[in-house]
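> Before anything else, here's the structure in question.
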2 protein chains.
Amino acid sequence: MEAFLALAKALADETRVRALMALRQRELCLCQLIELLGLAPSTISKHMSLLKQAGLVVSRKQGRWVHYRLAPAFDATVRVAQEWTLEALARAPVVRQDAKRLRAILRLDPTELCRKQCV
Amino acid sequence: MEAFLALAKALADETRVRALMALRQRELCLCQLIELLGLAPSTISKHMSLLKQAGLVVSRKQGRWVHYRLAPAFDATVRVAQEWTLEALARAPVVRQDAKRLRAILRLDPTELCRKQCV
DNA sequence: CTAACATTTCGTTGTTTGGCGAAACAACAA
DNA sequence: TTGTTGTTTCGCCAAACAACGAAATGTTAG
């Protein structure tokens with residue numbers, strides 16, 4: 001029950017599901033998610049931490065950067081939650097818009113991107 | 001996105017998913033859910049209203065009583081949400097205990113139940 | 001009609017949650 | 001070392017939410 005509620009709560013916030021959808025194709029580092037979602041670093045960090053605790057994403061530290069990607073779901077409940085979300089939101093306007101903006105963000109140099117955010 | 005978030009939020013509360021699980025086999029009237037879940041009538045009513053708005057349950061008015069049952073899910077997103085929940089929580093201790101208590105509630109003599117039992 | 005009763009709505013209260021900024025932390029660079 | 005930088009933690013505030021009781025609603029019984 002606890003694990004299920006953690007999943008449902010993780011999916012009950014628009015910012016978090018937008019982040020989740022952005023990870024569909026590739027892993028992203030926190031600064032890229034910050035740029036995409038337009039919220040404070042501490043806020044995004046907290047959201048990603050919640051998604052991680054629920055088992056929906058995993059993180060990988062590479063130097064100073066933390067990369068997030070969809071969790072390989074060994075657990076059936078997590079896998080169904082992921083599939084449910086991906087399927088339900090694939091055509092949502094916000095998600096499509098994010099996908100477009102993400103392509104632009106990925107064209108930028110990650111280092112420059114982070115520097116830009118520090119201003 | 002709105003409909004998805006309504007579903008996720010509806011499933012992000014233990015009382016509501018317990019109610020949902022109790023409706024697996026048969027429809028129940030509000031007073032039976034009140035008895036099962038042990039909360040105030042107004043609280044349960046509000047929870048059921050939320051589940052209904054999300055599309056997870058439907059209600060049927062019969063006399064003074066309102067019966068709730070799982071919604072026949074024509075919408076794929078709703079159906080997957082229902083299946084995800086039913087599958088994930090089928091073996092949860094609280095849910096099993098509720099199922100047991102529910103059998104007792106359904107066995108109670110209507111007269112003794114005064115305000116709680118439905119015909 | 002009036003009374004009784006199941007349910008809903010409304011207003012209040014205490015808790016949870018999402019947001020931010022400042023400071024702490026961690027990893028690299030000079 | 002010292003400074004820079006990406007991320008996280010902490011403390012705070014405002015909004016959202018779950019719970020209750022009282023009052024309103026709607027329905028059947030007398």
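By convention in this document, the chains of the structure tokens carry letters A, B, ... by their order, each chain's residues are numbered from 1, and ligands are numbered from 1 in the order they are shown.
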What are the residues of chain B that have an atom within 12 Å of an atom of chain A, counting only C-alpha atoms, as a PyMOL selection string?
chain B and resi 1-18+21+75-96
> Select residues of chain B: the criterion is any atom within 10 Å of an atom of chain D, counting only C-alpha atoms (C1' of nucleotides); output as a VMD selection string.
chain B and resid 13 39 to 43 46 to 47 62 to 65
> Working over all C-alpha atoms in order, superimpose chain A onto chain B by least squares and state the RMSD in Å.
2.6 Å
> Nearest to chain C among B:Val58, B:Ala19, B:Val66, B:Ala73, with distances taken over only C-alpha atoms (C1' of nucleotides): which residue is it?
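Closest residue, counting only C-alpha atoms (C1' of nucleotides): B:Val66.
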> For chain C, which residue out of A:Ile44, A:Leu51, A:Ala99, A:Leu70 is the nearest one, using only C-alpha atoms (C1' of nucleotides)?
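When distances to chain C are compared using only C-alpha atoms (C1' of nucleotides), the smallest one comes from A:Ile44.
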> Any chance you could tabulate, as CSV, the residues of chain C at most 10 Å from chain B with each one's nearest atom pair and distance in Å to one decimal, using only C-alpha atoms (C1' of nucleotides), in chain and rising number order?

residue,atom,partner,partner_atom,distance
C:DC5,C1',B:Arg115,CA,7.2
C:DA6,C1',B:Arg64,CA,5.3
C:DT7,C1',B:Ser45,CA,7.5
C:DT8,C1',B:Ser45,CA,7.2
C:DT9,C1',B:Ser42,CA,8.9
> Next, write the just-selected residues to a file, as a CSV table (one decimal), in the first residue's frame, keeping N, CA, C and O atoms (P, O5', C5', C4', C3', O3' and C1' of nucleotides) as the atom set.

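Output contents, as saved in selection27.csv:
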chain,number,residue,atom,x,y,z
C,5,DC,P,-34.8,7.5,12.4
C,5,DC,O5',-34.1,7.5,11.0
C,5,DC,C5',-34.8,6.9,9.8
C,5,DC,C4',-34.0,7.3,8.6
C,5,DC,C3',-32.5,7.3,8.7
C,5,DC,O3',-31.9,6.6,7.6
C,5,DC,C1',-33.2,9.3,7.7
C,6,DA,P,-30.4,6.0,7.8
C,6,DA,O5',-29.8,6.3,6.4
C,6,DA,C5',-30.5,5.8,5.2
C,6,DA,C4',-29.9,6.6,4.0
C,6,DA,C3',-28.4,6.7,3.9
C,6,DA,O3',-28.0,6.5,2.6
C,6,DA,C1',-29.3,8.9,4.0
C,7,DT,P,-26.4,6.4,2.2
C,7,DT,O5',-26.2,7.9,1.8
C,7,DT,C5',-26.9,8.5,0.7
C,7,DT,C4',-26.8,9.9,0.5
C,7,DT,C3',-25.3,10.4,0.4
C,7,DT,O3',-25.2,10.8,-1.0
C,7,DT,C1',-26.6,11.9,1.8
C,8,DT,P,-23.8,11.4,-1.5
C,8,DT,O5',-24.0,13.0,-1.3
C,8,DT,C5',-25.1,13.7,-1.9
C,8,DT,C4',-25.1,15.1,-1.5
C,8,DT,C3',-23.8,15.9,-1.8
C,8,DT,O3',-24.1,17.0,-2.6
C,8,DT,C1',-24.5,16.3,0.4
C,9,DT,P,-22.9,18.0,-3.1
C,9,DT,O5',-23.0,19.2,-2.1
C,9,DT,C5',-24.2,19.8,-1.9
C,9,DT,C4',-24.0,21.0,-0.9
C,9,DT,C3',-22.8,21.8,-1.1
C,9,DT,O3',-23.1,23.2,-0.9
C,9,DT,C1',-22.8,21.0,1.1
> What parts of chain B does DSSP call helix (DSSP H, G or I)? I'd like the answer as number ranges by chain.
B: 2-10, 14-22, 30-37, 41-54, 76-89, 93-107
> Using DSSP on the backbone coordinates, identify all residues within region 5-98 of chain A classified as strand (DSSP E or B); present the result as number ranges by chain.
A: 28-29, 57-62, 65-70
